[in-house]
file input_30.cif (mmCIF, C-alpha atoms)
data_entry
loop_
_atom_site.label_atom_id
_atom_site.label_comp_id
_atom_site.auth_asym_id
_atom_site.auth_seq_id
_atom_site.Cartn_x
_atom_site.Cartn_y
_atom_site.Cartn_z
CA MET A 1 -14.53 9.62 16.20
CA GLU A 2 -15.23 11.22 19.52
CA ILE A 3 -15.91 8.56 22.14
CA LYS A 4 -17.39 9.64 25.45
CA GLU A 5 -17.19 6.31 27.25
CA TYR A 6 -15.10 3.32 26.28
CA VAL A 7 -15.53 -0.21 27.56
CA ARG A 8 -13.83 -3.49 26.77
CA PRO A 9 -16.07 -6.31 28.02
CA ALA A 10 -14.49 -9.68 28.79
CA SER A 11 -17.55 -11.84 28.10
CA LEU A 12 -20.15 -12.13 25.35
CA ASP A 13 -22.95 -11.58 27.87
CA GLU A 14 -21.36 -8.34 29.00
CA ALA A 15 -20.74 -7.26 25.40
CA TYR A 16 -24.35 -8.10 24.50
CA SER A 17 -25.55 -5.90 27.34
CA PHE A 18 -23.44 -2.95 26.17
CA VAL A 19 -24.16 -3.31 22.45
CA VAL A 20 -27.76 -4.53 22.33
CA GLU A 21 -29.32 -3.29 25.55
CA LYS A 22 -27.39 -0.04 25.97
CA LYS A 23 -27.00 0.52 22.21
CA GLY A 24 -23.24 1.04 22.39
CA PHE A 25 -21.19 1.35 19.22
CA PRO A 26 -19.36 -1.95 18.64
CA LEU A 27 -15.70 -1.73 17.66
CA GLY A 28 -14.63 -4.64 15.47
CA GLY A 29 -11.24 -4.06 13.84
CA GLY A 30 -11.79 -0.34 14.26
CA ALA A 31 -9.53 0.37 11.30
CA TRP A 32 -11.82 2.98 9.79
CA VAL A 33 -13.31 4.33 13.00
CA HIS A 34 -10.94 7.31 13.10
CA MET A 35 -12.26 8.50 9.74
CA ASN A 36 -15.79 8.54 11.13
CA VAL A 37 -16.70 12.06 12.27
CA ARG A 38 -19.59 11.05 14.51
CA SER A 39 -19.59 11.24 18.27
CA VAL A 40 -20.68 8.19 20.26
CA ASP A 41 -21.66 8.01 23.93
CA LEU A 42 -20.46 4.45 24.40
CA ALA A 43 -17.92 2.50 22.36
CA VAL A 44 -17.70 -1.24 22.99
CA ASP A 45 -14.32 -2.76 22.18
CA LEU A 46 -14.87 -6.43 21.29
CA SER A 47 -11.18 -7.36 21.27
CA ALA A 48 -11.15 -9.14 24.65
CA LEU A 49 -13.92 -11.62 23.80
CA LYS A 50 -11.55 -14.26 22.40
CA LEU A 51 -13.46 -14.26 19.14
CA ASP A 52 -10.28 -14.31 17.03
CA TYR A 53 -10.47 -18.02 16.20
CA ILE A 54 -10.72 -20.10 13.04
CA VAL A 55 -11.63 -23.64 14.03
CA ASP A 56 -12.45 -26.88 12.25
CA LYS A 57 -15.83 -28.26 13.28
CA GLY A 58 -15.70 -31.28 11.00
CA ASP A 59 -18.19 -30.41 8.29
CA ALA A 60 -17.78 -26.65 8.76
CA VAL A 61 -15.26 -23.98 9.66
CA GLU A 62 -16.21 -21.49 12.33
CA ILE A 63 -14.62 -18.07 12.09
CA GLY A 64 -14.87 -15.87 15.17
CA ALA A 65 -16.09 -12.33 14.51
CA MET A 66 -12.75 -10.87 15.60
CA ALA A 67 -10.56 -13.05 13.35
CA THR A 68 -8.49 -10.63 11.28
CA ALA A 69 -8.18 -10.45 7.52
CA ARG A 70 -4.55 -11.51 7.90
CA GLN A 71 -5.52 -14.56 9.96
CA ILE A 72 -7.99 -15.54 7.26
CA GLU A 73 -5.47 -14.88 4.48
CA THR A 74 -2.90 -17.15 6.11
CA SER A 75 -5.22 -19.81 7.55
CA ALA A 76 -4.10 -23.24 6.33
CA LEU A 77 -7.47 -24.64 7.40
CA LEU A 78 -9.52 -22.22 5.31
CA ASN A 79 -7.25 -22.20 2.32
CA GLN A 80 -6.95 -25.98 2.12
CA ALA A 81 -10.71 -26.39 2.49
CA PHE A 82 -11.52 -23.80 -0.18
CA SER A 83 -8.53 -24.03 -2.57
CA GLY A 84 -7.03 -20.70 -1.56
CA ALA A 85 -10.22 -18.69 -2.18
CA PHE A 86 -10.01 -17.02 1.25
CA ALA A 87 -6.44 -15.87 0.58
CA ARG A 88 -7.53 -14.46 -2.82
CA ALA A 89 -10.39 -12.58 -1.11
CA THR A 90 -8.23 -10.96 1.58
CA GLU A 91 -4.68 -10.56 0.25
CA HIS A 92 -5.34 -7.38 -1.74
CA LEU A 93 -6.75 -5.44 1.18
CA VAL A 94 -4.27 -2.55 1.50
CA GLY A 95 -1.23 -3.89 3.42
CA VAL A 96 -0.35 -6.54 5.96
CA GLN A 97 -0.53 -3.95 8.74
CA LEU A 98 -4.12 -2.94 8.05
CA ARG A 99 -5.09 -6.58 7.54
CA ASN A 100 -3.82 -7.23 11.06
CA LEU A 101 -6.52 -4.86 12.32
CA ILE A 102 -9.49 -5.50 10.05
CA THR A 103 -11.85 -8.21 11.32
CA ILE A 104 -14.37 -10.38 9.52
CA GLY A 105 -17.12 -9.30 11.93
CA GLY A 106 -16.50 -5.62 11.30
CA THR A 107 -16.30 -6.22 7.55
CA VAL A 108 -19.63 -8.06 7.47
CA ALA A 109 -21.37 -5.61 9.80
CA GLY A 110 -20.16 -2.69 7.68
CA LYS A 111 -21.74 -4.27 4.56
CA TYR A 112 -18.89 -2.64 2.68
CA GLY A 113 -19.45 -2.47 -1.04
CA PHE A 114 -15.74 -2.81 -1.80
CA SER A 115 -15.30 -5.96 0.25
CA ASP A 116 -13.84 -9.01 -1.46
CA LEU A 117 -14.37 -11.22 1.58
CA VAL A 118 -18.10 -10.51 1.80
CA THR A 119 -18.56 -11.56 -1.84
CA LEU A 120 -16.85 -14.90 -1.19
CA LEU A 121 -18.92 -15.44 1.96
CA VAL A 122 -22.12 -14.84 -0.01
CA ALA A 123 -21.08 -17.39 -2.64
CA LEU A 124 -20.28 -19.84 0.15
CA ASP A 125 -23.70 -19.26 1.73
CA ALA A 126 -21.99 -18.46 5.04
CA LYS A 127 -24.16 -18.30 8.15
CA LEU A 128 -23.92 -15.37 10.48
CA VAL A 129 -24.44 -16.25 14.14
CA LEU A 130 -25.82 -13.30 16.07
CA TYR A 131 -25.32 -13.78 19.79
CA ARG A 132 -28.57 -14.55 21.66
CA ASP A 133 -30.37 -13.91 18.38
CA LYS A 134 -30.97 -15.77 15.15
CA THR A 135 -28.55 -17.31 12.71
CA ILE A 136 -28.96 -15.70 9.31
CA ASP A 137 -27.45 -16.38 5.89
CA ILE A 138 -25.17 -13.59 4.84
CA ALA A 139 -26.99 -12.75 1.59
CA SER A 140 -30.18 -12.08 3.59
CA PHE A 141 -28.22 -10.08 6.16
CA LEU A 142 -26.81 -7.83 3.43
CA THR A 143 -30.20 -7.06 1.89
CA ALA A 144 -32.36 -6.80 5.01
CA ALA A 145 -32.58 -3.48 6.82
CA ARG A 146 -32.27 -4.09 10.53
CA GLU A 147 -33.40 -1.51 13.03
CA THR A 148 -32.30 -3.19 16.25
CA PRO A 149 -28.68 -3.57 17.39
CA TYR A 150 -26.99 -6.97 17.24
CA LEU A 151 -23.74 -8.64 18.17
CA ILE A 152 -22.01 -10.90 15.63
CA GLU A 153 -20.41 -13.88 17.37
CA LYS A 154 -19.13 -15.98 14.48
CA ILE A 155 -19.48 -16.93 10.85
CA ILE A 156 -19.97 -20.57 9.84
CA VAL A 157 -18.89 -21.87 6.46
CA ALA A 158 -19.80 -25.41 5.38
CA LYS A 159 -16.73 -27.23 4.11
CA ASN A 160 -18.35 -29.26 1.35
CA ALA A 161 -18.54 -26.39 -1.18
CA ALA A 162 -16.03 -25.97 -4.01
CA ALA A 163 -15.37 -22.26 -4.26
CA ALA A 164 -13.40 -19.70 -6.24
CA PHE A 165 -12.93 -15.95 -6.07
CA GLN A 166 -12.06 -13.55 -8.89
CA SER A 167 -11.50 -9.81 -8.97
CA VAL A 168 -10.22 -7.05 -11.19
CA ARG A 169 -8.43 -3.97 -9.83
CA VAL A 170 -6.19 -1.15 -11.03
CA THR A 171 -3.32 -1.98 -8.67
CA GLN A 172 -2.70 -4.96 -6.41
CA ASN A 173 -3.69 -3.13 -3.25
CA ASP A 174 -6.56 -1.02 -4.51
CA PHE A 175 -10.17 -2.02 -3.93
CA SER A 176 -11.77 -4.20 -6.60
CA ILE A 177 -13.45 -2.57 -9.56
CA LEU A 178 -15.58 -5.70 -9.55
CA ASN A 179 -15.36 -9.07 -7.85
CA ALA A 180 -17.13 -12.39 -8.16
CA GLY A 181 -17.41 -15.54 -6.13
CA ALA A 182 -18.75 -18.90 -7.26
CA ALA A 183 -19.35 -22.01 -5.21
CA PHE A 184 -20.83 -25.40 -5.99
CA HIS A 185 -22.76 -26.81 -3.05
CA PRO A 186 -23.31 -30.58 -3.32
CA GLY A 187 -27.01 -31.38 -3.40
CA LYS A 188 -27.95 -27.71 -3.75
CA GLY A 189 -26.16 -26.49 -6.85
CA TRP A 190 -24.36 -23.25 -7.58
CA GLN A 191 -24.30 -19.99 -5.68
CA ILE A 192 -22.81 -16.99 -7.49
CA ALA A 193 -22.14 -13.59 -5.96
CA VAL A 194 -21.00 -10.35 -7.56
CA GLY A 195 -19.63 -7.49 -5.45
CA ALA A 196 -17.87 -4.12 -5.64
CA ARG A 197 -20.62 -3.20 -8.14
CA PRO A 198 -19.61 -0.76 -6.43
CA ALA A 199 -22.33 -1.64 -3.92
CA ALA A 200 -22.12 -4.77 -1.76
CA ALA A 201 -22.39 -8.31 -3.07
CA ARG A 202 -25.61 -9.69 -4.48
CA LEU A 203 -26.58 -13.15 -5.62
CA ALA A 204 -26.89 -13.91 -9.32
CA LEU A 205 -29.82 -16.29 -9.03
CA LYS A 206 -30.59 -16.76 -12.73
CA ALA A 207 -26.96 -17.57 -13.48
CA ALA A 208 -26.92 -20.15 -10.69
CA GLN A 209 -30.20 -21.63 -11.87
CA TYR A 210 -28.84 -21.92 -15.40
CA LEU A 211 -25.86 -23.91 -14.16
CA GLY A 212 -28.23 -26.19 -12.25
CA MET A 213 -26.66 -29.25 -10.67
CA SER A 214 -23.85 -29.45 -13.17
CA ARG A 215 -20.68 -29.86 -11.09
CA LYS A 216 -18.34 -29.29 -14.00
CA PRO A 217 -19.91 -26.98 -16.59
CA ASP A 218 -17.95 -26.42 -19.80
CA GLU A 219 -16.56 -23.02 -20.75
CA HIS A 220 -19.51 -22.16 -23.00
CA THR A 221 -21.99 -22.86 -20.19
CA ALA A 222 -19.91 -20.88 -17.70
CA LYS A 223 -19.75 -17.97 -20.16
CA GLU A 224 -23.53 -18.06 -20.57
CA ALA A 225 -23.88 -17.98 -16.78
CA GLY A 226 -21.59 -14.92 -16.77
CA CYS A 227 -23.81 -13.21 -19.35
CA LEU A 228 -26.93 -13.97 -17.30
CA ALA A 229 -25.25 -12.60 -14.17
CA SER A 230 -24.32 -9.37 -15.94
CA GLU A 231 -27.95 -8.97 -17.03
CA GLU A 232 -29.59 -9.61 -13.67
CA ILE A 233 -27.13 -7.76 -11.42
CA SER A 234 -27.31 -3.97 -11.20
CA PHE A 235 -24.14 -1.90 -11.47
CA GLY A 236 -23.19 1.66 -10.68
CA SER A 237 -20.42 4.07 -11.64
CA ASP A 238 -17.72 5.54 -9.44
CA VAL A 239 -14.11 6.66 -9.64
CA ARG A 240 -12.96 3.09 -10.34
CA GLY A 241 -15.23 2.26 -13.23
CA SER A 242 -18.49 2.88 -15.06
CA ASP A 243 -21.57 0.71 -14.84
CA GLU A 244 -21.05 -0.29 -18.50
CA TYR A 245 -17.50 -1.42 -17.78
CA ARG A 246 -18.58 -3.41 -14.73
CA LYS A 247 -21.37 -5.08 -16.70
CA LEU A 248 -18.91 -6.25 -19.35
CA VAL A 249 -16.29 -7.38 -16.85
CA CYS A 250 -18.92 -9.27 -14.88
CA GLU A 251 -19.43 -11.75 -17.74
CA THR A 252 -15.79 -12.79 -17.70
CA LEU A 253 -15.24 -12.70 -13.94
CA VAL A 254 -18.24 -14.93 -13.28
CA MET A 255 -17.17 -17.31 -16.06
CA ARG A 256 -13.66 -17.54 -14.61
CA ALA A 257 -14.95 -18.04 -11.06
CA VAL A 258 -17.26 -20.85 -12.21
CA MET A 259 -14.53 -22.55 -14.25
CA GLU A 260 -12.09 -22.32 -11.35
CA ALA A 261 -14.59 -23.67 -8.82
CA ALA A 262 -15.44 -26.48 -11.27
CA LYS A 263 -11.84 -27.74 -11.37
CA MET B 264 -9.38 8.02 29.89
CA THR B 265 -5.94 6.91 30.99
CA ILE B 266 -4.40 4.12 28.98
CA SER B 267 -1.65 1.99 30.49
CA LEU B 268 0.66 0.32 28.03
CA LYS B 269 4.23 -0.75 27.60
CA VAL B 270 6.20 1.17 25.02
CA ASN B 271 9.51 -0.43 24.14
CA GLY B 272 9.38 -2.46 27.33
CA LYS B 273 8.68 0.45 29.68
CA PRO B 274 5.29 0.95 31.39
CA VAL B 275 3.63 4.22 30.34
CA LYS B 276 0.37 5.88 31.35
CA ILE B 277 -1.11 8.37 28.90
CA GLU B 278 -4.21 10.54 29.18
CA CYS B 279 -6.23 10.60 25.96
CA ASN B 280 -9.62 10.42 24.33
CA PRO B 281 -10.16 6.71 23.59
CA GLY B 282 -11.09 7.64 20.03
CA ASP B 283 -7.75 9.35 19.39
CA VAL B 284 -5.48 7.41 17.09
CA LEU B 285 -2.36 5.85 18.57
CA THR B 286 0.03 7.79 16.31
CA ASP B 287 -1.09 11.09 17.82
CA VAL B 288 -1.20 9.75 21.36
CA LEU B 289 2.32 8.34 21.13
CA ARG B 290 3.74 11.47 19.52
CA ASN B 291 2.09 13.72 22.13
CA ALA B 292 3.69 11.54 24.81
CA GLY B 293 7.12 12.12 23.29
CA PHE B 294 7.48 9.09 21.03
CA VAL B 295 8.10 11.28 17.99
CA GLU B 296 9.95 8.48 16.20
CA VAL B 297 6.45 7.32 15.16
CA LYS B 298 5.80 9.24 11.94
CA LYS B 299 2.44 10.19 10.54
CA GLY B 300 1.87 9.74 6.82
CA CYS B 301 -1.45 9.30 5.05
CA GLY B 302 -3.53 8.88 8.20
CA THR B 303 -5.68 6.25 6.46
CA GLY B 304 -3.71 3.04 7.01
CA ASN B 305 -2.45 2.91 3.45
CA CYS B 306 1.16 4.09 3.54
CA GLY B 307 2.70 2.13 6.43
CA ILE B 308 4.80 5.04 7.67
CA CYS B 309 3.18 4.97 11.12
CA THR B 310 3.73 1.21 11.61
CA VAL B 311 4.35 0.04 15.17
CA LEU B 312 4.28 -3.47 16.59
CA LEU B 313 1.24 -4.24 18.75
CA ASP B 314 2.20 -7.26 20.86
CA GLY B 315 4.77 -8.01 18.15
CA VAL B 316 2.36 -7.70 15.21
CA PRO B 317 2.75 -4.82 12.71
CA VAL B 318 -0.21 -2.43 12.64
CA PRO B 319 -0.77 1.09 11.27
CA SER B 320 -0.88 3.21 14.43
CA CYS B 321 -2.85 5.89 12.56
CA SER B 322 -5.74 3.44 12.27
CA LEU B 323 -5.58 2.01 15.76
CA ILE B 324 -7.72 3.84 18.24
CA ALA B 325 -5.77 4.48 21.40
CA GLY B 326 -8.21 2.78 23.76
CA ARG B 327 -7.46 -0.55 22.12
CA ALA B 328 -3.77 -0.25 22.99
CA ASP B 329 -4.62 -0.13 26.69
CA GLY B 330 -2.93 -3.07 28.42
CA HIS B 331 -0.85 -3.99 25.39
CA GLU B 332 2.78 -3.74 24.38
CA ILE B 333 3.87 -1.31 21.67
CA THR B 334 7.22 -1.41 19.93
CA THR B 335 8.45 1.61 18.00
CA ILE B 336 11.63 1.81 15.95
CA ARG B 337 13.52 2.80 19.12
CA GLY B 338 12.58 -0.50 20.69
CA VAL B 339 14.48 -2.43 18.02
CA GLU B 340 17.46 -0.13 17.74
CA ALA B 341 20.18 -2.72 17.22
CA GLU B 342 18.28 -4.59 14.48
CA ALA B 343 17.18 -1.31 12.89
CA ARG B 344 20.78 -0.10 12.71
CA GLU B 345 21.83 -3.34 11.09
CA PHE B 346 19.06 -3.11 8.49
CA ALA B 347 19.78 0.60 7.94
CA ASP B 348 23.29 -0.31 6.77
CA PHE B 349 21.74 -2.42 4.02
CA LEU B 350 19.37 0.40 3.04
CA VAL B 351 22.24 2.89 2.85
CA ALA B 352 24.43 0.48 0.89
CA GLU B 353 21.70 0.23 -1.76
CA GLY B 354 21.07 3.99 -1.84
CA ALA B 355 17.56 3.39 -0.55
CA ASP B 356 17.60 5.68 2.48
CA GLN B 357 16.98 9.02 0.75
CA CYS B 358 14.60 11.24 2.79
CA GLY B 359 14.15 8.55 5.45
CA PHE B 360 10.61 9.49 6.43
CA CYS B 361 9.20 6.05 5.60
CA SER B 362 12.19 4.16 7.04
CA PRO B 363 10.94 3.59 10.64
CA GLY B 364 7.68 1.99 9.49
CA PHE B 365 9.38 0.17 6.63
CA THR B 366 12.05 -1.24 8.93
CA LEU B 367 9.54 -2.42 11.54
CA ASN B 368 7.58 -4.23 8.83
CA VAL B 369 10.76 -5.87 7.49
CA LEU B 370 11.58 -7.09 11.00
CA ALA B 371 8.03 -8.41 11.42
CA MET B 372 8.31 -10.20 8.07
CA LYS B 373 11.61 -11.75 9.12
CA LYS B 374 9.87 -13.27 12.12
CA GLU B 375 6.76 -14.39 10.25
CA LEU B 376 8.13 -15.75 6.97
CA LYS B 377 10.97 -18.21 6.56
CA SER B 378 13.10 -17.51 3.48
CA PRO B 379 10.43 -15.48 1.62
CA SER B 380 10.55 -15.32 -2.19
CA ILE B 381 10.77 -11.97 -4.00
CA ASP B 382 7.02 -12.09 -4.61
CA GLU B 383 6.35 -12.84 -0.94
CA ILE B 384 8.56 -9.92 0.10
CA LYS B 385 6.74 -7.60 -2.31
CA HIS B 386 3.40 -8.84 -1.01
CA TYR B 387 4.36 -8.38 2.64
CA MET B 388 5.83 -4.92 2.04
CA ALA B 389 3.02 -3.67 -0.24
CA GLY B 390 1.56 -1.62 2.60
CA ASN B 391 4.73 0.48 2.89
CA LEU B 392 4.83 3.33 0.40
CA CYS B 393 7.97 5.33 -0.42
CA ARG B 394 7.98 8.46 -2.56
CA CYS B 395 11.76 8.56 -3.07
CA THR B 396 13.27 5.24 -3.98
CA GLY B 397 11.16 3.58 -6.64
CA TYR B 398 11.33 0.48 -4.42
CA GLU B 399 14.10 -1.36 -6.31
CA GLY B 400 16.81 -0.25 -3.87
CA GLN B 401 14.61 -1.10 -0.90
CA LEU B 402 13.93 -4.55 -2.34
CA ARG B 403 17.64 -5.22 -2.89
CA ALA B 404 18.33 -4.12 0.68
CA VAL B 405 15.64 -6.43 2.10
CA VAL B 406 16.86 -9.41 0.06
CA LYS B 407 20.50 -8.88 1.07
CA TYR B 408 19.57 -8.28 4.71
CA LEU B 409 17.54 -11.52 4.87
CA GLU B 410 20.34 -13.44 3.13
CA ALA B 411 22.81 -12.08 5.66
CA GLN B 412 20.65 -13.42 8.50
CA HIS B 413 21.16 -16.95 7.19
CA GLU B 414 24.93 -16.63 6.91
#
call {"tool": "encode", "arguments": {"input": "input_30.cif", "output": "structure tokens"}}
result
Amino acid sequence: MEIKEYVRPASLDEAYSFVVEKKGFPLGGGAWVHMNVRSVDLAVDLSALKLDYIVDKGDAVEIGAMATARQIETSALLNQAFSGAFARATEHLVGVQLRNLITIGGTVAGKYGFSDLVTLLVALDAKLVLYRDKTIDIASFLTAARETPYLIEKIIVAKNAAAAFQSVRVTQNDFSILNAGAAFHPGKGWQIAVGARPAAARLALKAAQYLGMSRKPDEHTAKEAGCLASEEISFGSDVRGSDEYRKLVCETLVMRAVMEAAK
Amino acid sequence: MTISLKVNGKPVKIECNPGDVLTDVLRNAGFVEVKKGCGTGNCGICTVLLDGVPVPSCSLIAGRADGHEITTIRGVEAEAREFADFLVAEGADQCGFCSPGFTLNVLAMKKELKSPSIDEIKHYMAGNLCRCTGYEGQLRAVVKYLEAQHE
């Protein structure tokens, strides 16, 4: 990427001014920026904003937009609260070195189809806090086209959900051929997400509705939810797998995610 | 722009485009011990330590290194030599092109993980590819090196 002017603001207000008012290009982890051939007038490095935190807020965990994939993978707080699901959804991402660069904010903003983490966040109904703007649930953020620039401050995940993440891949450090996240939210029911379709994660609403308020569905019910998910979700083909393959795998991945979250 | 950083403990100022990747910027400034491999962050050959944390310098835009401390293999010469003896003893040195990045990641792992299992070592080193060794020799060298640290 050719960058004409580079700034590293020290406050969120300053960053907001550069990104939202002056329409600068925000640099999250920046790990894939060098493969981008575009030229930008103003690049805004967000690394000095102290947004690399993962903190316990009692009933929720707040993850700063600049927390890295490696921080999330190794966070005792996140992995105790969600039975290791965050480690499962980050540990396959290339190598430790790249995971030390990649940030949750950049991953979410990129709406990357291959992302494991985004799928888990959708299942967990994570809230995206846009600085001096609205707070939006991540599933809506992924589907809504947004014309105006924004600055992601943090992601909030309620701690009361029981979650699990499943994926299938050719090698340990390749992107998923398909991934699935399932979470039971007390009082609300299930939320199921399927990603790497190869497009970004989408909710399987019929599958979740079928499971209803059942906290511990049996294997047959979980399998039926998997079948419903594979029917309602759309799949595509790419170098990693065909749409037919993904559709078949979806049944089992969703079933496994539900059974694991139900434990 | 001019970036000011410490490389192996010494202050350095380098003129660059902020969008250049750190591998190229360091090599152009004479730090040719930083090798360039895949250029996509996948192979680990270009690994340097950014404030002590291993990162692929091919995927780090140079502007971000401004004000930070970079360690290349030359900055850890004594430890690297010690580990190299274990690599050579296991016949895992071969062409040596991946060794600087591999060694820096081993040293980072040694700091981060206490007595890692074989699976934990494999997981930590998964971002370091080698086209020569088939990995078994490298793994033996890492295990023996870490054991030797406890003796």
call {"tool": "resolve_selection", "arguments": {"input": "input_30.cif", "expression": "the PyMOL selection byres ((chain A) within 12 of (chain B))", "output": "count of residues only"}}
result
54
call {"tool": "resolve_selection", "arguments": {"input": "input_30.cif", "expression": "the PyMOL selection byres ((chain B and resi 294) around 12)", "output": "short mmCIF file (atom, residue, chain, number, x, y, z; two decimals) with C-alpha atoms, in the frame of the given file"}}
result
data_model
loop_
_atom_site.label_atom_id
_atom_site.label_comp_id
_atom_site.auth_asym_id
_atom_site.auth_seq_id
_atom_site.Cartn_x
_atom_site.Cartn_y
_atom_site.Cartn_z
CA VAL B 270 6.20 1.17 25.02
CA ASN B 271 9.51 -0.43 24.14
CA VAL B 275 3.63 4.22 30.34
CA ILE B 277 -1.11 8.37 28.90
CA LEU B 285 -2.36 5.85 18.57
CA THR B 286 0.03 7.79 16.31
CA ASP B 287 -1.09 11.09 17.82
CA VAL B 288 -1.20 9.75 21.36
CA LEU B 289 2.32 8.34 21.13
CA ARG B 290 3.74 11.47 19.52
CA ASN B 291 2.09 13.72 22.13
CA ALA B 292 3.69 11.54 24.81
CA GLY B 293 7.12 12.12 23.29
CA VAL B 295 8.10 11.28 17.99
CA GLU B 296 9.95 8.48 16.20
CA VAL B 297 6.45 7.32 15.16
CA LYS B 298 5.80 9.24 11.94
CA LYS B 299 2.44 10.19 10.54
CA CYS B 309 3.18 4.97 11.12
CA VAL B 311 4.35 0.04 15.17
CA ILE B 333 3.87 -1.31 21.67
CA THR B 334 7.22 -1.41 19.93
CA THR B 335 8.45 1.61 18.00
CA ILE B 336 11.63 1.81 15.95
CA ARG B 337 13.52 2.80 19.12
CA GLY B 338 12.58 -0.50 20.69
#
call {"tool": "atom_distance", "arguments": {"input": "input_30.cif", "atom1": "atom CA of Ile177 of chain A", "atom2": "atom CA of Leu124 of chain A"}}
result
21.0 Å
call {"tool": "resolve_selection", "arguments": {"input": "input_30.cif", "expression": "the PyMOL selection byres ((chain A and resi 231) around 10)", "output": "list of chain:residue names"}}
result
A:Ala204, A:Lys206, A:Ala207, A:Ala225, A:Gly226, A:Cys227, A:Leu228, A:Ala229, A:Ser230, A:Glu232, A:Ile233, A:Ser234, A:Phe235, A:Lys247, A:Leu248, A:Cys250, A:Glu251
call {"tool": "atom_distance", "arguments": {"input": "input_30.cif", "atom1": "atom CA of Gln80 of chain A", "atom2": "atom CA of Leu409 of chain B"}}
result
28.6 Å
call {"tool": "residues_around", "arguments": {"input": "input_30.cif", "residues": "Gly189 of chain A", "least_positions_apart": "5", "cutoff": "10 Å", "atoms": "only C-alpha atoms", "output": "list in words"}}
result
Ala161, Ala183, Phe184, Ala208, Gln209, Leu211, Gly212, Met213, Ser214 and Arg215 of chain A
call {"tool": "write_last_selection", "arguments": {"input": "input_30.cif", "atoms": "C-alpha atoms", "output": "compact mmCIF listing (two decimals), in the frame of the given file"}}
result
# COMPACT_ATOMS: atom_id res chain seq x y z
CA ALA A 161 -18.54 -26.39 -1.18
CA ALA A 183 -19.35 -22.01 -5.21
CA PHE A 184 -20.83 -25.40 -5.99
CA ALA A 208 -26.92 -20.15 -10.69
CA GLN A 209 -30.20 -21.63 -11.87
CA LEU A 211 -25.86 -23.91 -14.16
CA GLY A 212 -28.23 -26.19 -12.25
CA MET A 213 -26.66 -29.25 -10.67
CA SER A 214 -23.85 -29.45 -13.17
CA ARG A 215 -20.68 -29.86 -11.09
call {"tool": "atom_distance", "arguments": {"input": "input_30.cif", "atom1": "atom CA of Cys361 of chain B", "atom2": "atom CA of Ile381 of chain B"}}
result
20.5 Å
call {"tool": "residues_around", "arguments": {"input": "input_30.cif", "residues": "Ala257 of chain A", "least_positions_apart": "4", "cutoff": "12 Å", "atoms": "only C-alpha atoms", "output": "PyMOL selection string"}}
result
chain A and resi 85+88+119-120+123+162-168+179-184+190-194+217+219+222-223+225-226+250-253+261-263
call {"tool": "closest_residue", "arguments": {"input": "input_30.cif", "among": "A:Leu203, A:Ala81, A:Val118, A:Leu128", "to": "Ile152 of chain A", "atoms": "all atoms listed in the file"}}
result
A:Leu128
call {"tool": "residues_near_point", "arguments": {"input": "input_30.cif", "point": "(21.2, -12.4, 6.1)", "cutoff": "12 Å", "atoms": "only C-alpha atoms", "output": "list of chain:residue names"}}
result
B:Glu342, B:Glu345, B:Phe346, B:Phe349, B:Lys373, B:Lys377, B:Ser378, B:Ala404, B:Val405, B:Val406, B:Lys407, B:Tyr408, B:Leu409, B:Glu410, B:Ala411, B:Gln412, B:His413, B:Glu414
call {"tool": "decode", "arguments": {"input": "input_30.cif", "residues": "segment 328-337 of chain B", "atoms": "N, CA and C atoms", "output": "mmCIF file, in the first residue's frame"}}
result
data_model
loop_
_atom_site.group_PDB
_atom_site.id
_atom_site.type_symbol
_atom_site.label_atom_id
_atom_site.label_comp_id
_atom_site.auth_asym_id
_atom_site.auth_seq_id
_atom_site.Cartn_x
_atom_site.Cartn_y
_atom_site.Cartn_z
ATOM 1 N N ALA B 328 6.578 0.587 13.303
ATOM 2 C CA ALA B 328 7.780 0.294 14.099
ATOM 3 C C ALA B 328 8.400 1.562 14.673
ATOM 4 N N ASP B 329 7.932 2.708 14.199
ATOM 5 C CA ASP B 329 8.483 3.986 14.684
ATOM 6 C C ASP B 329 8.334 4.082 16.206
ATOM 7 N N GLY B 330 9.443 4.343 16.881
ATOM 8 C CA GLY B 330 9.408 4.481 18.337
ATOM 9 C C GLY B 330 9.507 3.170 19.090
ATOM 10 N N HIS B 331 9.646 2.073 18.372
ATOM 11 C CA HIS B 331 9.684 0.760 19.032
ATOM 12 C C HIS B 331 11.083 0.124 18.934
ATOM 13 N N GLU B 332 11.196 -1.002 19.611
ATOM 14 C CA GLU B 332 12.473 -1.712 19.656
ATOM 15 C C GLU B 332 12.378 -3.003 18.840
ATOM 16 N N ILE B 333 13.302 -3.160 17.923
ATOM 17 C CA ILE B 333 13.326 -4.351 17.068
ATOM 18 C C ILE B 333 14.563 -5.179 17.414
ATOM 19 N N THR B 334 14.353 -6.478 17.521
ATOM 20 C CA THR B 334 15.480 -7.384 17.735
ATOM 21 C C THR B 334 15.566 -8.337 16.554
ATOM 22 N N THR B 335 16.725 -8.356 15.912
ATOM 23 C CA THR B 335 16.969 -9.334 14.846
ATOM 24 C C THR B 335 17.844 -10.443 15.435
ATOM 25 N N ILE B 336 18.170 -11.408 14.620
ATOM 26 C CA ILE B 336 18.972 -12.538 15.112
ATOM 27 C C ILE B 336 20.331 -12.048 15.661
ATOM 28 N N ARG B 337 20.838 -10.948 15.113
ATOM 29 C CA ARG B 337 22.129 -10.435 15.605
ATOM 30 C C ARG B 337 22.017 -9.864 17.011
#
